[in-house]
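> Pasting coords10.pdb below, which is PDB, N, CA and C atoms.
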```pdb
MODEL        1
ATOM      1  N   MET A   1       0.831  -1.167   0.000
ATOM      2  CA  MET A   1       0.000   0.000   0.000
ATOM      3  C   MET A   1       0.882   1.240   0.000
ATOM      4  N   THR A   2       0.639   2.132  -0.950
ATOM      5  CA  THR A   2       1.422   3.362  -1.026
ATOM      6  C   THR A   2       0.533   4.548  -0.714
ATOM      7  N   VAL A   3       1.147   5.510  -0.102
ATOM      8  CA  VAL A   3       0.418   6.729   0.241
ATOM      9  C   VAL A   3       0.982   7.852  -0.598
ATOM     10  N   ASP A   4       0.125   8.517  -1.318
ATOM     11  CA  ASP A   4       0.553   9.638  -2.151
ATOM     12  C   ASP A   4       0.577  10.891  -1.285
ATOM     13  N   THR A   5       1.770  11.411  -1.047
ATOM     14  CA  THR A   5       1.902  12.602  -0.209
ATOM     15  C   THR A   5       2.199  13.845  -1.024
ATOM     16  N   ALA A   6       2.120  13.727  -2.324
ATOM     17  CA  ALA A   6       2.395  14.881  -3.179
ATOM     18  C   ALA A   6       1.309  15.930  -2.971
ATOM     19  N   PRO A   7       1.723  17.203  -2.888
ATOM     20  CA  PRO A   7       0.717  18.258  -2.699
ATOM     21  C   PRO A   7      -0.164  18.371  -3.934
ATOM     22  N   THR A   8      -1.396  18.628  -3.698
ATOM     23  CA  THR A   8      -2.323  18.808  -4.815
ATOM     24  C   THR A   8      -2.567  20.291  -5.019
ATOM     25  N   GLU A   9      -2.770  20.655  -6.267
ATOM     26  CA  GLU A   9      -3.054  22.051  -6.588
ATOM     27  C   GLU A   9      -4.518  22.337  -6.308
ATOM     28  N   VAL A  10      -4.746  23.473  -5.740
ATOM     29  CA  VAL A  10      -6.116  23.906  -5.509
ATOM     30  C   VAL A  10      -6.538  24.718  -6.720
ATOM     31  N   GLU A  11      -7.573  24.264  -7.373
ATOM     32  CA  GLU A  11      -8.036  24.972  -8.555
ATOM     33  C   GLU A  11      -9.025  26.051  -8.156
ATOM     34  N   VAL A  12      -8.775  27.250  -8.652
ATOM     35  CA  VAL A  12      -9.688  28.362  -8.426
ATOM     36  C   VAL A  12     -10.690  28.361  -9.563
ATOM     37  N   PRO A  13     -11.973  28.377  -9.257
ATOM     38  CA  PRO A  13     -12.970  28.404 -10.332
ATOM     39  C   PRO A  13     -12.733  29.586 -11.264
ATOM     40  N   VAL A  14     -12.917  29.340 -12.549
ATOM     41  CA  VAL A  14     -12.672  30.376 -13.551
ATOM     42  C   VAL A  14     -13.556  31.595 -13.304
ATOM     43  N   SER A  15     -14.773  31.377 -12.837
ATOM     44  CA  SER A  15     -15.661  32.516 -12.591
ATOM     45  C   SER A  15     -15.110  33.412 -11.484
ATOM     46  N   ASP A  16     -14.415  32.820 -10.500
ATOM     47  CA  ASP A  16     -13.808  33.626  -9.433
ATOM     48  C   ASP A  16     -12.701  34.512  -9.982
ATOM     49  N   THR A  17     -11.884  33.970 -10.877
ATOM     50  CA  THR A  17     -10.820  34.788 -11.452
ATOM     51  C   THR A  17     -11.404  35.870 -12.352
ATOM     52  N   ALA A  18     -12.498  35.565 -13.034
ATOM     53  CA  ALA A  18     -13.158  36.582 -13.872
ATOM     54  C   ALA A  18     -13.680  37.713 -13.004
ATOM     55  N   GLU A  19     -14.287  37.375 -11.883
ATOM     56  CA  GLU A  19     -14.811  38.402 -10.985
ATOM     57  C   GLU A  19     -13.680  39.210 -10.362
ATOM     58  N   ARG A  20     -12.574  38.547 -10.048
ATOM     59  CA  ARG A  20     -11.417  39.259  -9.493
ATOM     60  C   ARG A  20     -10.837  40.226 -10.529
ATOM     61  N   ARG A  21     -10.773  39.796 -11.785
ATOM     62  CA  ARG A  21     -10.263  40.660 -12.863
ATOM     63  C   ARG A  21     -11.168  41.880 -13.035
ATOM     64  N   PHE A  22     -12.488  41.685 -12.955
ATOM     65  CA  PHE A  22     -13.421  42.807 -13.059
ATOM     66  C   PHE A  22     -13.182  43.780 -11.907
ATOM     67  N   SER A  23     -13.028  43.264 -10.705
ATOM     68  CA  SER A  23     -12.777  44.127  -9.544
ATOM     69  C   SER A  23     -11.483  44.916  -9.719
ATOM     70  N   GLN A  24     -10.449  44.257 -10.213
ATOM     71  CA  GLN A  24      -9.177  44.950 -10.437
ATOM     72  C   GLN A  24      -9.338  46.062 -11.461
ATOM     73  N   SER A  25     -10.065  45.792 -12.528
ATOM     74  CA  SER A  25     -10.227  46.818 -13.566
ATOM     75  C   SER A  25     -11.006  48.010 -13.031
ATOM     76  N   MET A  26     -11.998  47.769 -12.189
ATOM     77  CA  MET A  26     -12.768  48.873 -11.617
ATOM     78  C   MET A  26     -11.922  49.670 -10.615
ATOM     79  N   VAL A  27     -11.044  48.996  -9.876
ATOM     80  CA  VAL A  27     -10.168  49.698  -8.934
ATOM     81  C   VAL A  27      -9.188  50.592  -9.690
ATOM     82  N   VAL A  28      -8.593  50.091 -10.763
ATOM     83  CA  VAL A  28      -7.653  50.897 -11.547
ATOM     84  C   VAL A  28      -8.380  52.089 -12.169
ATOM     85  N   SER A  29      -9.566  51.857 -12.723
ATOM     86  CA  SER A  29     -10.335  52.950 -13.320
ATOM     87  C   SER A  29     -10.746  53.971 -12.259
ATOM     88  N   GLY A  30     -11.172  53.488 -11.115
ATOM     89  CA  GLY A  30     -11.557  54.383 -10.019
ATOM     90  C   GLY A  30     -10.385  55.187  -9.493
ATOM     91  N   THR A  31      -9.210  54.559  -9.424
ATOM     92  CA  THR A  31      -8.006  55.255  -8.975
ATOM     93  C   THR A  31      -7.663  56.385  -9.931
ATOM     94  N   ARG A  32      -7.799  56.124 -11.217
ATOM     95  CA  ARG A  32      -7.524  57.153 -12.214
ATOM     96  C   ARG A  32      -8.473  58.335 -12.026
ATOM     97  N   CYS A  33      -9.747  58.063 -11.828
ATOM     98  CA  CYS A  33     -10.724  59.141 -11.632
ATOM     99  C   CYS A  33     -10.472  59.882 -10.319
ATOM    100  N   PHE A  34     -10.152  59.162  -9.275
ATOM    101  CA  PHE A  34      -9.844  59.780  -7.985
ATOM    102  C   PHE A  34      -8.668  60.742  -8.115
ATOM    103  N   LEU A  35      -7.616  60.285  -8.776
ATOM    104  CA  LEU A  35      -6.442  61.143  -8.958
ATOM    105  C   LEU A  35      -6.769  62.333  -9.857
ATOM    106  N   THR A  36      -7.445  62.075 -10.961
ATOM    107  CA  THR A  36      -7.711  63.117 -11.944
ATOM    108  C   THR A  36      -8.642  64.207 -11.432
ATOM    109  N   TYR A  37      -9.672  63.825 -10.680
ATOM    110  CA  TYR A  37     -10.692  64.795 -10.304
ATOM    111  C   TYR A  37     -10.617  65.294  -8.875
ATOM    112  N   LEU A  38      -9.878  64.603  -8.026
ATOM    113  CA  LEU A  38      -9.772  65.054  -6.639
ATOM    114  C   LEU A  38      -8.353  65.443  -6.245
ATOM    115  N   VAL A  39      -7.415  64.571  -6.517
ATOM    116  CA  VAL A  39      -6.041  64.830  -6.066
ATOM    117  C   VAL A  39      -5.365  65.890  -6.925
ATOM    118  N   PHE A  40      -5.355  65.687  -8.246
ATOM    119  CA  PHE A  40      -4.616  66.605  -9.120
ATOM    120  C   PHE A  40      -5.141  68.034  -9.103
ATOM    121  N   PRO A  41      -6.445  68.261  -9.202
ATOM    122  CA  PRO A  41      -6.910  69.653  -9.250
ATOM    123  C   PRO A  41      -6.750  70.408  -7.934
ATOM    124  N   PHE A  42      -6.764  69.712  -6.816
ATOM    125  CA  PHE A  42      -6.737  70.404  -5.527
ATOM    126  C   PHE A  42      -5.391  70.281  -4.811
ATOM    127  N   LEU A  43      -4.787  69.111  -4.841
ATOM    128  CA  LEU A  43      -3.556  68.893  -4.093
ATOM    129  C   LEU A  43      -2.318  69.420  -4.816
ATOM    130  N   LEU A  44      -2.214  69.166  -6.110
ATOM    131  CA  LEU A  44      -1.013  69.593  -6.842
ATOM    132  C   LEU A  44      -0.813  71.108  -6.830
ATOM    133  N   PRO A  45      -1.858  71.924  -7.056
ATOM    134  CA  PRO A  45      -1.643  73.376  -6.980
ATOM    135  C   PRO A  45      -1.213  73.839  -5.576
ATOM    136  N   VAL A  46      -1.746  73.194  -4.550
ATOM    137  CA  VAL A  46      -1.343  73.547  -3.188
ATOM    138  C   VAL A  46       0.138  73.259  -2.981
ATOM    139  N   LEU A  47       0.618  72.190  -3.604
ATOM    140  CA  LEU A  47       2.029  71.825  -3.501
ATOM    141  C   LEU A  47       2.905  72.615  -4.468
ATOM    142  N   GLY A  48       2.275  73.434  -5.315
ATOM    143  CA  GLY A  48       3.030  74.259  -6.259
ATOM    144  C   GLY A  48       3.496  73.507  -7.490
ATOM    145  N   VAL A  49       2.849  72.404  -7.798
ATOM    146  CA  VAL A  49       3.218  71.610  -8.971
ATOM    147  C   VAL A  49       2.400  72.099 -10.162
ATOM    148  N   ALA A  50       3.022  72.139 -11.317
ATOM    149  CA  ALA A  50       2.373  72.650 -12.527
ATOM    150  C   ALA A  50       1.128  71.841 -12.881
ATOM    151  N   ASP A  51       0.181  72.507 -13.534
ATOM    152  CA  ASP A  51      -1.071  71.867 -13.941
ATOM    153  C   ASP A  51      -0.867  70.748 -14.961
ATOM    154  N   SER A  52       0.219  70.800 -15.727
ATOM    155  CA  SER A  52       0.428  69.793 -16.768
ATOM    156  C   SER A  52       0.849  68.439 -16.207
ATOM    157  N   VAL A  53       1.185  68.378 -14.929
ATOM    158  CA  VAL A  53       1.594  67.110 -14.335
ATOM    159  C   VAL A  53       0.416  66.146 -14.248
ATOM    160  N   GLY A  54      -0.770  66.647 -13.935
ATOM    161  CA  GLY A  54      -1.956  65.797 -13.835
ATOM    162  C   GLY A  54      -2.220  64.996 -15.092
ATOM    163  N   PRO A  55      -2.349  65.651 -16.256
ATOM    164  CA  PRO A  55      -2.566  64.896 -17.489
ATOM    165  C   PRO A  55      -1.408  63.948 -17.826
ATOM    166  N   ALA A  56      -0.188  64.341 -17.505
ATOM    167  CA  ALA A  56       0.962  63.479 -17.794
ATOM    168  C   ALA A  56       0.900  62.182 -16.995
ATOM    169  N   ILE A  57       0.332  62.244 -15.808
ATOM    170  CA  ILE A  57       0.188  61.040 -14.985
ATOM    171  C   ILE A  57      -1.091  60.295 -15.355
ATOM    172  N   SER A  58      -2.128  61.028 -15.720
ATOM    173  CA  SER A  58      -3.424  60.418 -16.046
ATOM    174  C   SER A  58      -3.382  59.569 -17.310
ATOM    175  N   VAL A  59      -2.579  59.957 -18.290
ATOM    176  CA  VAL A  59      -2.535  59.214 -19.552
ATOM    177  C   VAL A  59      -2.073  57.776 -19.333
ATOM    178  N   PRO A  60      -0.920  57.541 -18.687
ATOM    179  CA  PRO A  60      -0.523  56.139 -18.496
ATOM    180  C   PRO A  60      -1.485  55.358 -17.597
ATOM    181  N   ILE A  61      -2.019  56.009 -16.575
ATOM    182  CA  ILE A  61      -2.976  55.320 -15.701
ATOM    183  C   ILE A  61      -4.225  54.961 -16.489
ATOM    184  N   GLY A  62      -4.685  55.871 -17.340
ATOM    185  CA  GLY A  62      -5.854  55.599 -18.173
ATOM    186  C   GLY A  62      -5.621  54.441 -19.123
ATOM    187  N   LEU A  63      -4.430  54.386 -19.714
ATOM    188  CA  LEU A  63      -4.116  53.290 -20.631
ATOM    189  C   LEU A  63      -4.076  51.950 -19.902
ATOM    190  N   VAL A  64      -3.504  51.941 -18.698
ATOM    191  CA  VAL A  64      -3.489  50.713 -17.893
ATOM    192  C   VAL A  64      -4.919  50.304 -17.545
ATOM    193  N   ALA A  65      -5.750  51.268 -17.190
ATOM    194  CA  ALA A  65      -7.145  50.970 -16.854
ATOM    195  C   ALA A  65      -7.889  50.386 -18.055
ATOM    196  N   ILE A  66      -7.621  50.905 -19.252
ATOM    197  CA  ILE A  66      -8.259  50.385 -20.463
ATOM    198  C   ILE A  66      -7.853  48.923 -20.676
ATOM    199  N   VAL A  67      -6.574  48.625 -20.492
ATOM    200  CA  VAL A  67      -6.090  47.248 -20.649
ATOM    201  C   VAL A  67      -6.760  46.329 -19.625
ATOM    202  N   PHE A  68      -6.832  46.763 -18.371
ATOM    203  CA  PHE A  68      -7.457  45.943 -17.333
ATOM    204  C   PHE A  68      -8.931  45.680 -17.643
ATOM    205  N   ASN A  69      -9.631  46.676 -18.148
ATOM    206  CA  ASN A  69     -11.030  46.480 -18.513
ATOM    207  C   ASN A  69     -11.162  45.494 -19.672
ATOM    208  N   GLY A  70     -10.275  45.587 -20.641
ATOM    209  CA  GLY A  70     -10.276  44.629 -21.752
ATOM    210  C   GLY A  70     -10.015  43.209 -21.275
ATOM    211  N   LEU A  71      -9.062  43.061 -20.362
ATOM    212  CA  LEU A  71      -8.774  41.735 -19.803
ATOM    213  C   LEU A  71      -9.966  41.198 -19.012
ATOM    214  N   SER A  72     -10.673  42.078 -18.349
ATOM    215  CA  SER A  72     -11.860  41.667 -17.608
ATOM    216  C   SER A  72     -12.924  41.102 -18.550
ATOM    217  N   ILE A  73     -13.158  41.788 -19.646
ATOM    218  CA  ILE A  73     -14.123  41.303 -20.639
ATOM    219  C   ILE A  73     -13.705  39.929 -21.152
ATOM    220  N   ARG A  74     -12.448  39.821 -21.496
ATOM    221  CA  ARG A  74     -11.924  38.558 -22.034
ATOM    222  C   ARG A  74     -12.113  37.426 -21.038
ATOM    223  N   ARG A  75     -11.794  37.662 -19.782
ATOM    224  CA  ARG A  75     -11.889  36.621 -18.759
ATOM    225  C   ARG A  75     -13.346  36.178 -18.559
ATOM    226  N   PHE A  76     -14.276  37.119 -18.531
ATOM    227  CA  PHE A  76     -15.688  36.765 -18.351
ATOM    228  C   PHE A  76     -16.200  35.925 -19.517
ATOM    229  N   TRP A  77     -15.785  36.260 -20.734
ATOM    230  CA  TRP A  77     -16.256  35.497 -21.890
ATOM    231  C   TRP A  77     -15.607  34.124 -21.949
ATOM    232  N   ARG A  78     -14.334  34.035 -21.602
ATOM    233  CA  ARG A  78     -13.665  32.726 -21.599
ATOM    234  C   ARG A  78     -14.264  31.802 -20.550
ATOM    235  N   ALA A  79     -14.697  32.379 -19.427
ATOM    236  CA  ALA A  79     -15.302  31.589 -18.357
ATOM    237  C   ALA A  79     -16.770  31.282 -18.648
ATOM    238  N   ASP A  80     -17.312  31.884 -19.687
ATOM    239  CA  ASP A  80     -18.733  31.775 -20.005
ATOM    240  C   ASP A  80     -19.562  32.079 -18.751
ATOM    241  N   HIS A  81     -19.157  33.148 -18.094
ATOM    242  CA  HIS A  81     -19.791  33.576 -16.841
ATOM    243  C   HIS A  81     -21.214  34.023 -17.110
ATOM    244  N   ARG A  82     -22.097  33.758 -16.173
ATOM    245  CA  ARG A  82     -23.506  34.105 -16.363
ATOM    246  C   ARG A  82     -23.731  35.613 -16.447
ATOM    247  N   LEU A  83     -22.811  36.405 -15.926
ATOM    248  CA  LEU A  83     -22.940  37.871 -15.962
ATOM    249  C   LEU A  83     -22.078  38.519 -17.045
ATOM    250  N   LYS A  84     -21.687  37.743 -18.047
ATOM    251  CA  LYS A  84     -20.754  38.286 -19.044
ATOM    252  C   LYS A  84     -21.328  39.487 -19.802
ATOM    253  N   TRP A  85     -22.622  39.480 -20.111
ATOM    254  CA  TRP A  85     -23.196  40.607 -20.848
ATOM    255  C   TRP A  85     -23.253  41.880 -20.010
ATOM    256  N   PRO A  86     -23.778  41.846 -18.784
ATOM    257  CA  PRO A  86     -23.801  43.087 -18.002
ATOM    258  C   PRO A  86     -22.406  43.599 -17.664
ATOM    259  N   VAL A  87     -21.500  42.687 -17.332
ATOM    260  CA  VAL A  87     -20.136  43.107 -16.987
ATOM    261  C   VAL A  87     -19.438  43.676 -18.214
ATOM    262  N   SER A  88     -19.635  43.046 -19.357
ATOM    263  CA  SER A  88     -19.031  43.561 -20.589
ATOM    264  C   SER A  88     -19.577  44.942 -20.925
ATOM    265  N   THR A  89     -20.857  45.141 -20.700
ATOM    266  CA  THR A  89     -21.464  46.453 -20.955
ATOM    267  C   THR A  89     -20.834  47.525 -20.072
ATOM    268  N   VAL A  90     -20.690  47.216 -18.785
ATOM    269  CA  VAL A  90     -20.054  48.169 -17.865
ATOM    270  C   VAL A  90     -18.623  48.445 -18.300
ATOM    271  N   ASN A  91     -17.877  47.387 -18.633
ATOM    272  CA  ASN A  91     -16.487  47.565 -19.052
ATOM    273  C   ASN A  91     -16.373  48.390 -20.326
ATOM    274  N   VAL A  92     -17.246  48.148 -21.291
ATOM    275  CA  VAL A  92     -17.193  48.906 -22.544
ATOM    276  C   VAL A  92     -17.507  50.382 -22.284
ATOM    277  N   LEU A  93     -18.474  50.649 -21.425
ATOM    278  CA  LEU A  93     -18.782  52.043 -21.080
ATOM    279  C   LEU A  93     -17.594  52.715 -20.382
ATOM    280  N   VAL A  94     -16.963  51.998 -19.472
ATOM    281  CA  VAL A  94     -15.793  52.546 -18.778
ATOM    282  C   VAL A  94     -14.650  52.764 -19.759
ATOM    283  N   ILE A  95     -14.425  51.825 -20.671
ATOM    284  CA  ILE A  95     -13.371  51.986 -21.684
ATOM    285  C   ILE A  95     -13.649  53.212 -22.549
ATOM    286  N   GLY A  96     -14.899  53.389 -22.968
ATOM    287  CA  GLY A  96     -15.248  54.568 -23.766
ATOM    288  C   GLY A  96     -14.986  55.857 -23.020
ATOM    289  N   PHE A  97     -15.382  55.892 -21.755
ATOM    290  CA  PHE A  97     -15.145  57.072 -20.925
ATOM    291  C   PHE A  97     -13.646  57.319 -20.739
ATOM    292  N   LEU A  98     -12.889  56.250 -20.490
ATOM    293  CA  LEU A  98     -11.433  56.400 -20.323
ATOM    294  C   LEU A  98     -10.770  56.866 -21.615
ATOM    295  N   CYS A  99     -11.234  56.378 -22.752
ATOM    296  CA  CYS A  99     -10.681  56.839 -24.040
ATOM    297  C   CYS A  99     -10.940  58.327 -24.228
ATOM    298  N   TYR A 100     -12.149  58.752 -23.922
ATOM    299  CA  TYR A 100     -12.507  60.169 -24.021
ATOM    300  C   TYR A 100     -11.598  61.016 -23.119
ATOM    301  N   LEU A 101     -11.434  60.589 -21.879
ATOM    302  CA  LEU A 101     -10.594  61.337 -20.940
ATOM    303  C   LEU A 101      -9.130  61.327 -21.347
ATOM    304  N   THR A 102      -8.655  60.184 -21.826
ATOM    305  CA  THR A 102      -7.253  60.076 -22.239
ATOM    306  C   THR A 102      -6.971  60.958 -23.446
ATOM    307  N   ILE A 103      -7.899  60.995 -24.400
ATOM    308  CA  ILE A 103      -7.740  61.876 -25.563
ATOM    309  C   ILE A 103      -7.715  63.335 -25.109
ATOM    310  N   GLY A 104      -8.575  63.685 -24.171
ATOM    311  CA  GLY A 104      -8.562  65.051 -23.629
ATOM    312  C   GLY A 104      -7.255  65.381 -22.938
ATOM    313  N   ASP A 105      -6.718  64.433 -22.179
ATOM    314  CA  ASP A 105      -5.427  64.665 -21.508
ATOM    315  C   ASP A 105      -4.292  64.819 -22.518
ATOM    316  N   ILE A 106      -4.320  64.005 -23.555
ATOM    317  CA  ILE A 106      -3.285  64.110 -24.599
ATOM    318  C   ILE A 106      -3.397  65.459 -25.308
ATOM    319  N   ALA A 107      -4.616  65.895 -25.600
ATOM    320  CA  ALA A 107      -4.822  67.198 -26.247
ATOM    321  C   ALA A 107      -4.331  68.322 -25.353
ATOM    322  N   GLU A 108      -4.571  68.192 -24.041
ATOM    323  CA  GLU A 108      -4.106  69.212 -23.098
ATOM    324  C   GLU A 108      -2.575  69.249 -23.030
ATOM    325  N   LEU A 109      -1.953  68.088 -23.082
ATOM    326  CA  LEU A 109      -0.482  68.039 -23.067
ATOM    327  C   LEU A 109       0.114  68.583 -24.368
ATOM    328  N   ALA A 110      -0.603  68.346 -25.491
ATOM    329  CA  ALA A 110      -0.103  68.782 -26.786
ATOM    330  C   ALA A 110      -0.202  70.296 -26.963
ATOM    331  N   GLY A 111      -1.092  70.905 -26.201
ATOM    332  CA  GLY A 111      -1.044  72.305 -26.371
ATOM    333  C   GLY A 111      -2.155  73.170 -26.227
TER     334      GLY A 111
ENDMDL
END
```
Have the structure of the file written as structure tokens, please.

Amino acid sequence: MTVDTAPTEVEVPVSDTAERRFSQSMVVSGTRCFLTYLVFPFLLPVLGVADSVGPAISVPIGLVAIVFNGLSIRRFWRADHRLKWPVSTVNVLVIGFLCYLTIGDIAELAG
């Protein structure tokens, strides 16, 4: 009689990882909005930092948020999650809003 003592991998349900990816994308998007609309307009001028710093920081954060939202959509569809349509709708709306804001920040940096 042999006893198998090899550790077994714990499998995380795909739907859990999809939900975690959605949460991460919303946190990144929310962080971008928090910085853009609360921290940059009020805190940076108090610290004497130029107004152009906000958009310079917002652009990369916005791009990361767009990627995270795209990954969230992908994960929900690959998992065939029951909430894939509503979550995808929210993600697409957030991506559209982030694209609009990122284009505005780029235009502000350009001149």
> Excluding Ile73 of chain A and its own-chain neighbours fewer than 2 positions away, which residues fall within 9 Å of it when counting only C-alpha atoms? Please give them as a PDB file with N, CA and C atoms, in the frame of the given file.

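Here's the written file part.pdb:
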```pdb
ATOM      1  N   ALA A  18     -12.498  35.565 -13.034  1.00  0.00           N
ATOM      2  CA  ALA A  18     -13.158  36.582 -13.872  1.00  0.00           C
ATOM      3  C   ALA A  18     -13.680  37.713 -13.004  1.00  0.00           C
ATOM      4  N   ARG A  21     -10.773  39.796 -11.785  1.00  0.00           N
ATOM      5  CA  ARG A  21     -10.263  40.660 -12.863  1.00  0.00           C
ATOM      6  C   ARG A  21     -11.168  41.880 -13.035  1.00  0.00           C
ATOM      7  N   PHE A  22     -12.488  41.685 -12.955  1.00  0.00           N
ATOM      8  CA  PHE A  22     -13.421  42.807 -13.059  1.00  0.00           C
ATOM      9  C   PHE A  22     -13.182  43.780 -11.907  1.00  0.00           C
ATOM     10  N   PHE A  68      -6.832  46.763 -18.371  1.00  0.00           N
ATOM     11  CA  PHE A  68      -7.457  45.943 -17.333  1.00  0.00           C
ATOM     12  C   PHE A  68      -8.931  45.680 -17.643  1.00  0.00           C
ATOM     13  N   ASN A  69      -9.631  46.676 -18.148  1.00  0.00           N
ATOM     14  CA  ASN A  69     -11.030  46.480 -18.513  1.00  0.00           C
ATOM     15  C   ASN A  69     -11.162  45.494 -19.672  1.00  0.00           C
ATOM     16  N   GLY A  70     -10.275  45.587 -20.641  1.00  0.00           N
ATOM     17  CA  GLY A  70     -10.276  44.629 -21.752  1.00  0.00           C
ATOM     18  C   GLY A  70     -10.015  43.209 -21.275  1.00  0.00           C
ATOM     19  N   LEU A  71      -9.062  43.061 -20.362  1.00  0.00           N
ATOM     20  CA  LEU A  71      -8.774  41.735 -19.803  1.00  0.00           C
ATOM     21  C   LEU A  71      -9.966  41.198 -19.012  1.00  0.00           C
ATOM     22  N   ARG A  75     -11.794  37.662 -19.782  1.00  0.00           N
ATOM     23  CA  ARG A  75     -11.889  36.621 -18.759  1.00  0.00           C
ATOM     24  C   ARG A  75     -13.346  36.178 -18.559  1.00  0.00           C
ATOM     25  N   PHE A  76     -14.276  37.119 -18.531  1.00  0.00           N
ATOM     26  CA  PHE A  76     -15.688  36.765 -18.351  1.00  0.00           C
ATOM     27  C   PHE A  76     -16.200  35.925 -19.517  1.00  0.00           C
ATOM     28  N   TRP A  77     -15.785  36.260 -20.734  1.00  0.00           N
ATOM     29  CA  TRP A  77     -16.256  35.497 -21.890  1.00  0.00           C
ATOM     30  C   TRP A  77     -15.607  34.124 -21.949  1.00  0.00           C
ATOM     31  N   ARG A  78     -14.334  34.035 -21.602  1.00  0.00           N
ATOM     32  CA  ARG A  78     -13.665  32.726 -21.599  1.00  0.00           C
ATOM     33  C   ARG A  78     -14.264  31.802 -20.550  1.00  0.00           C
ATOM     34  N   LYS A  84     -21.687  37.743 -18.047  1.00  0.00           N
ATOM     35  CA  LYS A  84     -20.754  38.286 -19.044  1.00  0.00           C
ATOM     36  C   LYS A  84     -21.328  39.487 -19.802  1.00  0.00           C
ATOM     37  N   VAL A  87     -21.500  42.687 -17.332  1.00  0.00           N
ATOM     38  CA  VAL A  87     -20.136  43.107 -16.987  1.00  0.00           C
ATOM     39  C   VAL A  87     -19.438  43.676 -18.214  1.00  0.00           C
ATOM     40  N   SER A  88     -19.635  43.046 -19.357  1.00  0.00           N
ATOM     41  CA  SER A  88     -19.031  43.561 -20.589  1.00  0.00           C
ATOM     42  C   SER A  88     -19.577  44.942 -20.925  1.00  0.00           C
ATOM     43  N   THR A  89     -20.857  45.141 -20.700  1.00  0.00           N
ATOM     44  CA  THR A  89     -21.464  46.453 -20.955  1.00  0.00           C
ATOM     45  C   THR A  89     -20.834  47.525 -20.072  1.00  0.00           C
ATOM     46  N   ASN A  91     -17.877  47.387 -18.633  1.00  0.00           N
ATOM     47  CA  ASN A  91     -16.487  47.565 -19.052  1.00  0.00           C
ATOM     48  C   ASN A  91     -16.373  48.390 -20.326  1.00  0.00           C
ATOM     49  N   VAL A  92     -17.246  48.148 -21.291  1.00  0.00           N
ATOM     50  CA  VAL A  92     -17.193  48.906 -22.544  1.00  0.00           C
ATOM     51  C   VAL A  92     -17.507  50.382 -22.284  1.00  0.00           C
TER      52      VAL A  92
END
```
> By how many Å are atom CA of Ile57 of chain A and atom N of Thr36 of chain A apart?
8.7 Å
> At what distance in Å, to one decimal, does atom C of Gly30 of chain A lie from atom C of Leu44 of chain A?
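If I compute the distance from atom C of Leu44 of chain A to atom C of Gly30 of chain A, I get 18.8 Å.
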> Could you jot down the atom CA of Thr102 of chain A to atom CA of Ile61 of chain A separation for me, Å, one decimal place?
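So the two atoms, atom CA of Thr102 of chain A and atom CA of Ile61 of chain A, lie 9.1 Å apart.
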> Hey, could you pull the box centre and edge lengths for segment 96-99 of chain A, axis-aligned, 4 Å padding per side, all listed atoms, to one decimal in Å, as JSON?

```
{"center_x": -13.0, "center_y": 55.9, "center_z": -22.3, "size_x": 12.7, "size_y": 12.9, "size_z": 11.9}
```
> Can you pull out every residue from chain A that DSSP, working from the backbone, puts in alpha helix (DSSP H), and format the result as number ranges by chain?
A: 14-34, 40-47, 53-78, 84-110
> With a distance cut-off of 10 Å and only C-alpha atoms, select the neighbouring residues of Leu98 of chain A, excluding the residue or stretch itself and same-chain residues fewer than 2 positions from it, and output the selection as a PyMOL selection string.
chain A and resi 29+32-33+58-59+61-63+65-66+92-96+100-104
> Go ahead and write the residues just picked, N, CA and C atoms, as a compact mmCIF listing (two decimals), in the frame of the given file.

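Result file is result_27.txt:
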```
# COMPACT_ATOMS: atom_id res chain seq x y z
N SER A 29 -9.57 51.86 -12.72
CA SER A 29 -10.34 52.95 -13.32
C SER A 29 -10.75 53.97 -12.26
N ARG A 32 -7.80 56.12 -11.22
CA ARG A 32 -7.52 57.15 -12.21
C ARG A 32 -8.47 58.34 -12.03
N CYS A 33 -9.75 58.06 -11.83
CA CYS A 33 -10.72 59.14 -11.63
C CYS A 33 -10.47 59.88 -10.32
N SER A 58 -2.13 61.03 -15.72
CA SER A 58 -3.42 60.42 -16.05
C SER A 58 -3.38 59.57 -17.31
N VAL A 59 -2.58 59.96 -18.29
CA VAL A 59 -2.54 59.21 -19.55
C VAL A 59 -2.07 57.78 -19.33
N ILE A 61 -2.02 56.01 -16.58
CA ILE A 61 -2.98 55.32 -15.70
C ILE A 61 -4.22 54.96 -16.49
N GLY A 62 -4.68 55.87 -17.34
CA GLY A 62 -5.85 55.60 -18.17
C GLY A 62 -5.62 54.44 -19.12
N LEU A 63 -4.43 54.39 -19.71
CA LEU A 63 -4.12 53.29 -20.63
C LEU A 63 -4.08 51.95 -19.90
N ALA A 65 -5.75 51.27 -17.19
CA ALA A 65 -7.14 50.97 -16.85
C ALA A 65 -7.89 50.39 -18.06
N ILE A 66 -7.62 50.90 -19.25
CA ILE A 66 -8.26 50.38 -20.46
C ILE A 66 -7.85 48.92 -20.68
N VAL A 92 -17.25 48.15 -21.29
CA VAL A 92 -17.19 48.91 -22.54
C VAL A 92 -17.51 50.38 -22.28
N LEU A 93 -18.47 50.65 -21.42
CA LEU A 93 -18.78 52.04 -21.08
C LEU A 93 -17.59 52.72 -20.38
N VAL A 94 -16.96 52.00 -19.47
CA VAL A 94 -15.79 52.55 -18.78
C VAL A 94 -14.65 52.76 -19.76
N ILE A 95 -14.42 51.82 -20.67
CA ILE A 95 -13.37 51.99 -21.68
C ILE A 95 -13.65 53.21 -22.55
N GLY A 96 -14.90 53.39 -22.97
CA GLY A 96 -15.25 54.57 -23.77
C GLY A 96 -14.99 55.86 -23.02
N TYR A 100 -12.15 58.75 -23.92
CA TYR A 100 -12.51 60.17 -24.02
C TYR A 100 -11.60 61.02 -23.12
N LEU A 101 -11.43 60.59 -21.88
CA LEU A 101 -10.59 61.34 -20.94
C LEU A 101 -9.13 61.33 -21.35
N THR A 102 -8.65 60.18 -21.83
CA THR A 102 -7.25 60.08 -22.24
C THR A 102 -6.97 60.96 -23.45
N ILE A 103 -7.90 61.00 -24.40
CA ILE A 103 -7.74 61.88 -25.56
C ILE A 103 -7.72 63.34 -25.11
N GLY A 104 -8.57 63.68 -24.17
CA GLY A 104 -8.56 65.05 -23.63
C GLY A 104 -7.26 65.38 -22.94
```
